[in-house]
Structure formats: C-alpha cells, structure tokens
>>> print(open('upload35.pdb').read())   # PDB, C-alpha atoms
ATOM      1  CA  TYR A 573     -51.020 108.953  61.973
ATOM      2  CA  MET A 574     -52.577 105.699  63.176
ATOM      3  CA  GLY A 575     -49.416 104.813  65.099
ATOM      4  CA  LYS A 576     -49.388 108.212  66.775
ATOM      5  CA  ALA A 577     -53.063 107.826  67.700
ATOM      6  CA  LEU A 578     -52.451 104.396  69.288
ATOM      7  CA  LYS A 579     -49.363 105.596  71.122
ATOM      8  CA  THR A 580     -51.274 108.588  72.499
ATOM      9  CA  PHE A 581     -54.160 106.321  73.533
ATOM     10  CA  HIS A 582     -51.937 103.856  75.417
ATOM     11  CA  LYS A 583     -49.833 106.577  77.031
ATOM     12  CA  SER A 584     -52.819 108.619  78.211
ATOM     13  CA  LEU A 585     -55.159 105.813  79.308
ATOM     14  CA  GLY A 586     -53.281 105.409  82.570
ATOM     15  CA  ARG A 587     -53.635 101.632  82.633
ATOM     16  CA  LYS A 588     -52.835  98.632  80.481
ATOM     17  CA  ALA A 589     -55.411  97.849  77.833
ATOM     18  CA  THR A 590     -55.854  95.338  75.061
ATOM     19  CA  ILE A 591     -56.846  96.879  71.741
ATOM     20  CA  TYR A 592     -59.403  94.714  69.940
ATOM     21  CA  SER A 593     -59.828  96.995  66.949
ATOM     22  CA  LEU A 594     -58.967 100.402  65.601
ATOM     23  CA  LYS A 595     -61.354 101.391  62.833
ATOM     24  CA  ARG A 596     -60.658 104.392  60.658
ATOM     25  CA  VAL A 597     -63.675 106.592  59.982
ATOM     26  CA  GLN A 598     -63.891 106.999  56.209
ATOM     27  CA  ASN A 599     -66.231 109.937  55.645
ATOM     28  CA  TYR A 600     -65.062 112.102  52.773
ATOM     29  CA  ALA A 601     -67.664 114.836  53.288
ATOM     30  CA  LEU A 602     -66.769 115.266  56.974
ATOM     31  CA  TRP A 603     -63.057 115.178  56.192
ATOM     32  CA  SER A 604     -63.509 117.856  53.522
ATOM     33  CA  PHE A 605     -65.268 120.214  55.942
ATOM     34  CA  PHE A 606     -62.619 119.522  58.585
ATOM     35  CA  ALA A 607     -59.766 120.196  56.126
ATOM     36  CA  LEU A 608     -61.339 123.502  55.033
ATOM     37  CA  THR A 609     -61.840 124.573  58.631
ATOM     38  CA  ARG A 610     -58.273 123.592  59.519
ATOM     39  CA  ALA A 611     -56.923 125.651  56.603
ATOM     40  CA  HIS A 612     -59.069 128.653  57.530
ATOM     41  CA  ILE A 613     -58.050 128.563  61.196
ATOM     42  CA  ALA A 614     -54.399 128.160  60.222
ATOM     43  CA  SER A 615     -54.695 131.247  57.997
ATOM     44  CA  THR A 616     -55.929 133.317  60.952
ATOM     45  CA  ASN A 617     -53.379 131.835  63.362
ATOM     46  CA  ARG A 618     -50.026 132.528  61.669
ATOM     47  CA  GLY A 619     -50.206 129.299  59.657
ATOM     48  CA  ASP A 620     -50.732 127.055  62.686
ATOM     49  CA  PRO A 621     -54.092 125.285  63.085
ATOM     50  CA  ASN A 622     -52.997 124.087  66.549
ATOM     51  CA  GLU A 623     -54.296 120.571  65.909
ATOM     52  CA  VAL A 624     -54.327 118.017  68.737
ATOM     53  CA  ILE A 625     -55.189 114.347  69.110
ATOM     54  CA  ALA A 626     -57.974 113.982  71.659
ATOM     55  CA  PHE A 627     -60.603 111.487  72.772
ATOM     56  CA  HIS A 628     -64.377 111.574  72.920
ATOM     57  CA  GLY A 629     -66.861 109.083  74.309
ATOM     58  CA  ALA A 630     -70.471 108.748  73.271
ATOM     59  CA  ARG A 631     -71.892 106.203  75.768
ATOM     60  CA  VAL A 632     -74.667 105.043  73.369
ATOM     61  CA  ARG A 633     -74.265 103.096  70.087
ATOM     62  CA  ASP A 634     -76.777 105.321  68.247
ATOM     63  CA  ASN A 635     -74.709 108.382  69.183
ATOM     64  CA  MET A 636     -71.490 106.689  68.020
ATOM     65  CA  ASP A 637     -73.119 105.805  64.693
ATOM     66  CA  ALA A 638     -74.504 109.328  64.239
ATOM     67  CA  ILE A 639     -71.054 110.851  64.807
ATOM     68  CA  ILE A 640     -69.471 108.412  62.333
ATOM     69  CA  ASN A 641     -72.107 109.106  59.676
ATOM     70  CA  PHE A 642     -72.840 112.802  60.199
ATOM     71  CA  GLY A 643     -70.055 114.146  62.403
ATOM     72  CA  PHE A 644     -70.265 115.979  65.684
ATOM     73  CA  ASP A 645     -73.393 118.086  66.109
ATOM     74  CA  ILE A 646     -73.288 121.001  68.513
ATOM     75  CA  ARG A 647     -77.092 121.294  68.280
ATOM     76  CA  VAL A 648     -77.458 118.117  70.337
ATOM     77  CA  ALA A 649     -74.353 118.668  72.460
ATOM     78  CA  GLY A 650     -75.204 121.940  74.186
ATOM     79  CA  GLY A 651     -73.585 124.142  71.551
ATOM     80  CA  THR A 652     -70.058 122.791  72.065
ATOM     81  CA  ILE A 653     -67.880 119.750  71.449
ATOM     82  CA  TRP A 654     -65.760 118.621  74.395
ATOM     83  CA  THR A 655     -62.713 116.422  73.871
ATOM     84  CA  ALA A 656     -59.986 115.242  76.233
ATOM     85  CA  GLU A 657     -56.256 114.937  75.585
ATOM     86  CA  MET A 658     -56.165 112.092  78.106
ATOM     87  CA  ALA A 659     -57.949 108.880  77.118
ATOM     88  CA  SER A 660     -58.345 108.190  80.841
ATOM     89  CA  TYR A 661     -60.794 111.102  81.138
ATOM     90  CA  SER A 662     -63.032 109.837  78.334
ATOM     91  CA  ASP A 663     -62.649 106.242  79.588
ATOM     92  CA  SER A 664     -63.924 107.186  83.049
ATOM     93  CA  GLY A 665     -67.634 107.356  82.293
ATOM     94  CA  TYR A 666     -67.980 108.577  78.711
ATOM     95  CA  ALA A 667     -66.891 105.504  76.741
ATOM     96  CA  LEU A 668     -69.415 103.198  75.128
ATOM     97  CA  MET A 669     -69.583 100.009  77.214
ATOM     98  CA  ASN A 670     -70.390  96.911  75.175
ATOM     99  CA  LYS A 671     -72.091  93.785  76.524
ATOM    100  CA  ASP A 672     -68.797  91.878  76.291
ATOM    101  CA  LYS A 673     -67.221  94.496  78.657
ATOM    102  CA  THR A 674     -65.146  96.073  75.883
ATOM    103  CA  LYS A 675     -65.278  99.845  75.555
ATOM    104  CA  GLU A 676     -65.191 102.185  72.570
ATOM    105  CA  LEU A 677     -63.927 105.732  72.205
ATOM    106  CA  PHE A 678     -63.312 108.101  69.342
ATOM    107  CA  VAL A 679     -59.795 109.245  68.562
ATOM    108  CA  VAL A 680     -60.446 112.774  67.335
ATOM    109  CA  ARG A 681     -58.425 115.332  65.429
ATOM    110  CA  VAL A 682     -59.283 118.698  66.946
ATOM    111  CA  VAL A 683     -58.367 122.053  65.458
ATOM    112  CA  CYS A 684     -57.988 124.337  68.476
ATOM    113  CA  GLY A 685     -56.561 127.389  66.714
ATOM    114  CA  ALA A 686     -56.311 130.332  69.080
ATOM    115  CA  ILE A 687     -57.303 129.097  72.543
ATOM    116  CA  ALA A 688     -59.034 131.611  74.787
ATOM    117  CA  PRO A 689     -57.357 132.214  78.121
ATOM    118  CA  THR A 690     -59.841 130.861  80.662
ATOM    119  CA  LYS A 691     -59.672 130.278  84.377
ATOM    120  CA  ALA A 692     -59.161 126.676  85.439
ATOM    121  CA  GLY A 693     -62.482 125.060  86.235
ATOM    122  CA  SER A 694     -64.441 127.746  84.381
ATOM    123  CA  GLY A 695     -66.794 125.062  83.056
ATOM    124  CA  TYR A 696     -69.318 125.616  80.304
ATOM    125  CA  ILE A 697     -68.834 128.716  78.168
ATOM    126  CA  PRO A 698     -71.570 128.966  75.490
ATOM    127  CA  ARG A 699     -69.427 131.005  73.097
ATOM    128  CA  PRO A 700     -65.703 131.665  72.904
ATOM    129  CA  PRO A 701     -64.783 135.171  74.037
ATOM    130  CA  PRO A 702     -63.604 137.874  71.641
ATOM    131  CA  LYS A 703     -59.875 138.132  71.067
ATOM    132  CA  ASP A 704     -60.083 141.836  71.899
ATOM    133  CA  PRO A 705     -62.307 142.426  74.971
ATOM    134  CA  LYS A 706     -62.820 146.014  73.802
ATOM    135  CA  LYS A 707     -64.526 144.657  70.676
ATOM    136  CA  PRO A 708     -67.222 142.245  71.943
ATOM    137  CA  LYS A 709     -68.592 141.814  68.412
ATOM    138  CA  GLY A 710     -65.112 141.293  66.936
ATOM    139  CA  GLU A 711     -63.144 138.183  66.067
ATOM    140  CA  LEU A 712     -63.606 135.315  68.522
ATOM    141  CA  TYR A 713     -61.132 132.778  69.821
ATOM    142  CA  ASP A 714     -61.372 129.388  68.109
ATOM    143  CA  SER A 715     -61.636 127.270  71.255
ATOM    144  CA  THR A 716     -61.491 127.262  75.032
ATOM    145  CA  LEU A 717     -59.633 125.156  77.580
ATOM    146  CA  PRO A 718     -61.872 125.118  80.680
ATOM    147  CA  SER A 719     -59.696 122.510  82.422
ATOM    148  CA  ALA A 720     -56.216 121.194  81.760
ATOM    149  CA  GLY A 721     -56.336 118.940  78.706
ATOM    150  CA  ILE A 722     -60.041 119.505  77.944
ATOM    151  CA  HIS A 723     -60.574 121.210  74.591
ATOM    152  CA  VAL A 724     -63.902 122.805  73.742
ATOM    153  CA  VAL A 725     -64.693 123.831  70.172
ATOM    154  CA  TYR A 726     -67.749 125.630  68.863
ATOM    155  CA  ASN A 727     -67.937 124.505  65.260
ATOM    156  CA  ASN A 728     -68.820 120.967  64.136
ATOM    157  CA  SER A 729     -66.053 120.936  61.551
ATOM    158  CA  GLN A 730     -63.300 121.683  64.102
ATOM    159  CA  ALA A 731     -63.363 118.038  65.221
ATOM    160  CA  TYR A 732     -63.002 114.978  62.999
ATOM    161  CA  PRO A 733     -63.707 111.512  64.476
ATOM    162  CA  GLU A 734     -60.780 109.789  62.790
ATOM    163  CA  TYR A 735     -60.802 106.403  64.558
ATOM    164  CA  VAL A 736     -62.955 104.283  66.825
ATOM    165  CA  VAL A 737     -60.830 102.308  69.251
ATOM    166  CA  LYS A 738     -62.320  99.186  70.871
ATOM    167  CA  TYR A 739     -60.441  98.055  73.964
ATOM    168  CA  LYS A 740     -60.618  96.354  77.323
TER     169      LYS A 740
END
>>> encode(input="upload35.pdb", output="structure tokens")
Amino acid sequence: YMGKALKTFHKSLGRKATIYSLKRVQNYALWSFFALTRAHIASTNRGDPNEVIAFHGARVRDNMDAIINFGFDIRVAGGTIWTAEMASYSDSGYALMNKDKTKELFVVRVVCGAIAPTKAGSGYIPRPPPKDPKKPKGELYDSTLPSAGIHVVYNNSQAYPEYVVKYK
C-alpha cells in the first residue's frame, strides 16, 4: 500500500518533488475503529466500502500531532473531514510548512461508501442528505463530493491518517 500511496502522491502533486520521509502512522485504536467503520459501510453498500487514497493538510504541527495521536475530530473541523484526491490541492495552502521549507501532508485512507449526488461547487453541507428524499429521517449517504476530487465524510472513523509525507 505504501508504494500505491507514493505513486498517487507523485502523480497528483502536479510538480516534481523530493520525498524526505514517509512515516506510517501506527495507531492500533484508530485503525480498529476505521476497520470496523469500513466493514459496516461495505455491508450497507453491496460489499464495497468505496475506499480512496486522499490527502489532508493540517498547517500547524500541533494539529498534525493531534491527528496522529487521536485521529480526525469533526468537533474541531466544522462537523466534517475534507480530503482531496489530488495532492496538489492539499499542497496549495493546507500543507504544514516547516522552517527548512519542506512540507508535510497526510496520506489518508477514506471510506466514502455511498456518495451523495451533489451539485458541483455546493460547498459546505453540515450533514449528508438522506438516500431517499421522501424519508428525511431515513438512512443517510456516507459522504459527499462537493467538488471534483474533494471527499467529505461525517464520521471521524471514516478517515485514517495512514502516512505523513515530508517533501519539498
């Protein structure tokens, strides 16, 4: 999986970059919650969790450390977790910038499940819509796609910060 993550990073960054390190996040508790969520979403989505590799920046070291140690937290992120399929999006203003001019991003496994059909550019949606509009209190979609390649999930355990890539 590490090779696939690096290949996706290089291909989607849109420029040449030197990788200084790729650190795997080893957090058994977070991984366990992610694996359970992935299995549950797969069971409600004809066996397919619809998992993607995406990128997430956290601009501040304390935020990076908190995500590594405790996972994503929708309570401090406006109720959602946004990730980008293209590293170039996260690189363009969301990456942590170190004093030595290197940058850091998370390579994230995201379980998208059933993605709600949304209009391009729809922006922030505080809650995924119901799968059946006639049942507003019924089963909800698992994620939204407000812009091409931007995945928004609504549950902390739908995203696992698998690697931190340091690059320039």
>>> resolve_selection(input="upload35.pdb", expression="the PyMOL selection byres ((chain A and resi 582) around 12)", output="ChimeraX atom specification")
/A:575-581,583-591,627,657-660,663,679,737,739-740
>>> atom_distance(input="upload35.pdb", atom1="CA of Asp637 in chain A", atom2="CA of Ser604 in chain A")
19.0 Å
>>> closest_residue(input="upload35.pdb", among="A:Ala720, A:Val632, A:Val624, A:Ala611", to="Met669 in chain A", atoms="all atoms listed in the file")
A:Val632
>>> atom_distance(input="upload35.pdb", atom1="CA of Ser664 in chain A", atom2="CA of Asn599 in chain A")
27.6 Å
>>> closest_residue(input="upload35.pdb", among="A:Met574, A:Ala686, A:Leu717, A:Val680", to="Trp603 in chain A", atoms="all atoms listed in the file")
A:Val680
>>> closest_residue(input="upload35.pdb", among="A:Pro689, A:Glu711, A:Gln598, A:Pro698", to="Arg647 in chain A", atoms="only C-alpha atoms")
A:Pro698
>>> atom_distance(input="upload35.pdb", atom1="CA of Thr616 in chain A", atom2="CA of Asp714 in chain A")
9.8 Å
>>> closest_residue(input="upload35.pdb", among="A:Leu602, A:Tyr666, A:Gly650, A:Cys684", to="Asp620 in chain A", atoms="only C-alpha atoms")
A:Cys684
>>> closest_residue(input="upload35.pdb", among="A:Leu712, A:Ala656, A:Ala607, A:Ile625", to="Ser729 in chain A", atoms="only C-alpha atoms")
A:Ala607
>>> residues_around(input="upload35.pdb", residues="Arg610 in chain A", least_positions_apart="5", cutoff="8 Å", atoms="all atoms listed in the file", output="NGL selection string")
:A and (621 or 683 or 730)
>>> closest_residue(input="upload35.pdb", among="A:Lys738, A:Arg633, A:His723, A:Lys703", to="Leu677 in chain A", atoms="all atoms listed in the file")
A:Lys738
>>> resolve_selection(input="upload35.pdb", expression="the PyMOL selection byres ((chain A and resi 635) around 12)", output="count of residues only")
25
>>> residues_around(input="upload35.pdb", residues="Thr716 in chain A", least_positions_apart="6", cutoff="7 Å", atoms="all atoms listed in the file", output="number ranges by chain")
A: 687-688, 690, 700, 723-725
>>> build_atoms(input="upload35.pdb", residues="range 637-661 of chain A", atoms="N, CA, C and O atoms", output="tab-separated table (two decimals), in the coordinates of the input")
chain	number	residue	atom	x	y	z
A	637	ASP	N	-72.80	105.94	66.12
A	637	ASP	CA	-73.12	105.80	64.69
A	637	ASP	C	-73.43	107.16	64.06
A	637	ASP	O	-73.02	107.43	62.93
A	638	ALA	N	-74.16	108.00	64.77
A	638	ALA	CA	-74.50	109.33	64.24
A	638	ALA	C	-73.25	110.16	64.03
A	638	ALA	O	-73.11	110.85	63.00
A	639	ILE	N	-72.30	110.10	64.96
A	639	ILE	CA	-71.05	110.85	64.81
A	639	ILE	C	-70.24	110.32	63.62
A	639	ILE	O	-69.69	111.09	62.84
A	640	ILE	N	-70.20	109.00	63.46
A	640	ILE	CA	-69.47	108.41	62.33
A	640	ILE	C	-70.10	108.85	61.01
A	640	ILE	O	-69.40	109.21	60.06
A	641	ASN	N	-71.42	108.82	60.94
A	641	ASN	CA	-72.11	109.11	59.68
A	641	ASN	C	-72.29	110.59	59.37
A	641	ASN	O	-72.26	110.99	58.21
A	642	PHE	N	-72.50	111.40	60.42
A	642	PHE	CA	-72.84	112.80	60.20
A	642	PHE	C	-71.91	113.79	60.89
A	642	PHE	O	-72.04	114.99	60.74
A	643	GLY	N	-70.98	113.28	61.69
A	643	GLY	CA	-70.06	114.15	62.40
A	643	GLY	C	-70.62	114.61	63.73
A	643	GLY	O	-71.73	114.27	64.12
A	644	PHE	N	-69.82	115.40	64.42
A	644	PHE	CA	-70.26	115.98	65.68
A	644	PHE	C	-71.35	117.00	65.39
A	644	PHE	O	-71.36	117.63	64.32
A	645	ASP	N	-72.27	117.17	66.32
A	645	ASP	CA	-73.39	118.09	66.11
A	645	ASP	C	-73.61	118.90	67.37
A	645	ASP	O	-74.16	118.40	68.35
A	646	ILE	N	-73.17	120.15	67.33
A	646	ILE	CA	-73.29	121.00	68.51
A	646	ILE	C	-74.74	121.26	68.89
A	646	ILE	O	-75.03	121.62	70.03
A	647	ARG	N	-75.67	121.06	67.97
A	647	ARG	CA	-77.09	121.29	68.28
A	647	ARG	C	-77.61	120.30	69.31
A	647	ARG	O	-78.54	120.60	70.05
A	648	VAL	N	-77.02	119.11	69.36
A	648	VAL	CA	-77.46	118.12	70.34
A	648	VAL	C	-76.45	117.95	71.47
A	648	VAL	O	-76.61	117.09	72.33
A	649	ALA	N	-75.41	118.78	71.45
A	649	ALA	CA	-74.35	118.67	72.46
A	649	ALA	C	-74.20	119.96	73.27
A	649	ALA	O	-73.12	120.27	73.74
A	650	GLY	N	-75.26	120.73	73.37
A	650	GLY	CA	-75.20	121.94	74.19
A	650	GLY	C	-74.43	123.08	73.55
A	650	GLY	O	-73.98	123.99	74.23
A	651	GLY	N	-74.26	123.04	72.24
A	651	GLY	CA	-73.58	124.14	71.55
A	651	GLY	C	-72.07	124.04	71.50
A	651	GLY	O	-71.41	124.94	70.98
A	652	THR	N	-71.51	122.95	72.03
A	652	THR	CA	-70.06	122.79	72.06
A	652	THR	C	-69.69	121.32	71.85
A	652	THR	O	-70.52	120.44	72.01
A	653	ILE	N	-68.43	121.11	71.53
A	653	ILE	CA	-67.88	119.75	71.45
A	653	ILE	C	-66.71	119.69	72.42
A	653	ILE	O	-65.77	120.47	72.31
A	654	TRP	N	-66.81	118.80	73.39
A	654	TRP	CA	-65.76	118.62	74.40
A	654	TRP	C	-64.93	117.40	74.05
A	654	TRP	O	-65.48	116.33	73.77
A	655	THR	N	-63.62	117.56	74.07
A	655	THR	CA	-62.71	116.42	73.87
A	655	THR	C	-61.62	116.48	74.93
A	655	THR	O	-61.35	117.54	75.49
A	656	ALA	N	-61.02	115.33	75.20
A	656	ALA	CA	-59.99	115.24	76.23
A	656	ALA	C	-58.68	114.75	75.64
A	656	ALA	O	-58.66	113.80	74.86
A	657	GLU	N	-57.58	115.40	76.02
A	657	GLU	CA	-56.26	114.94	75.58
A	657	GLU	C	-55.91	113.60	76.22
A	657	GLU	O	-55.13	112.83	75.67
A	658	MET	N	-56.45	113.33	77.38
A	658	MET	CA	-56.16	112.09	78.11
A	658	MET	C	-57.29	111.08	77.88
A	658	MET	O	-58.45	111.34	78.22
A	659	ALA	N	-56.95	109.93	77.33
A	659	ALA	CA	-57.95	108.88	77.12
A	659	ALA	C	-58.58	108.47	78.45
A	659	ALA	O	-59.75	108.08	78.49
A	660	SER	N	-57.82	108.58	79.52
A	660	SER	CA	-58.34	108.19	80.84
A	660	SER	C	-59.58	109.00	81.22
A	660	SER	O	-60.49	108.48	81.86
A	661	TYR	N	-59.62	110.26	80.83
A	661	TYR	CA	-60.79	111.10	81.14
A	661	TYR	C	-62.02	110.57	80.41
A	661	TYR	O	-63.08	110.36	81.01
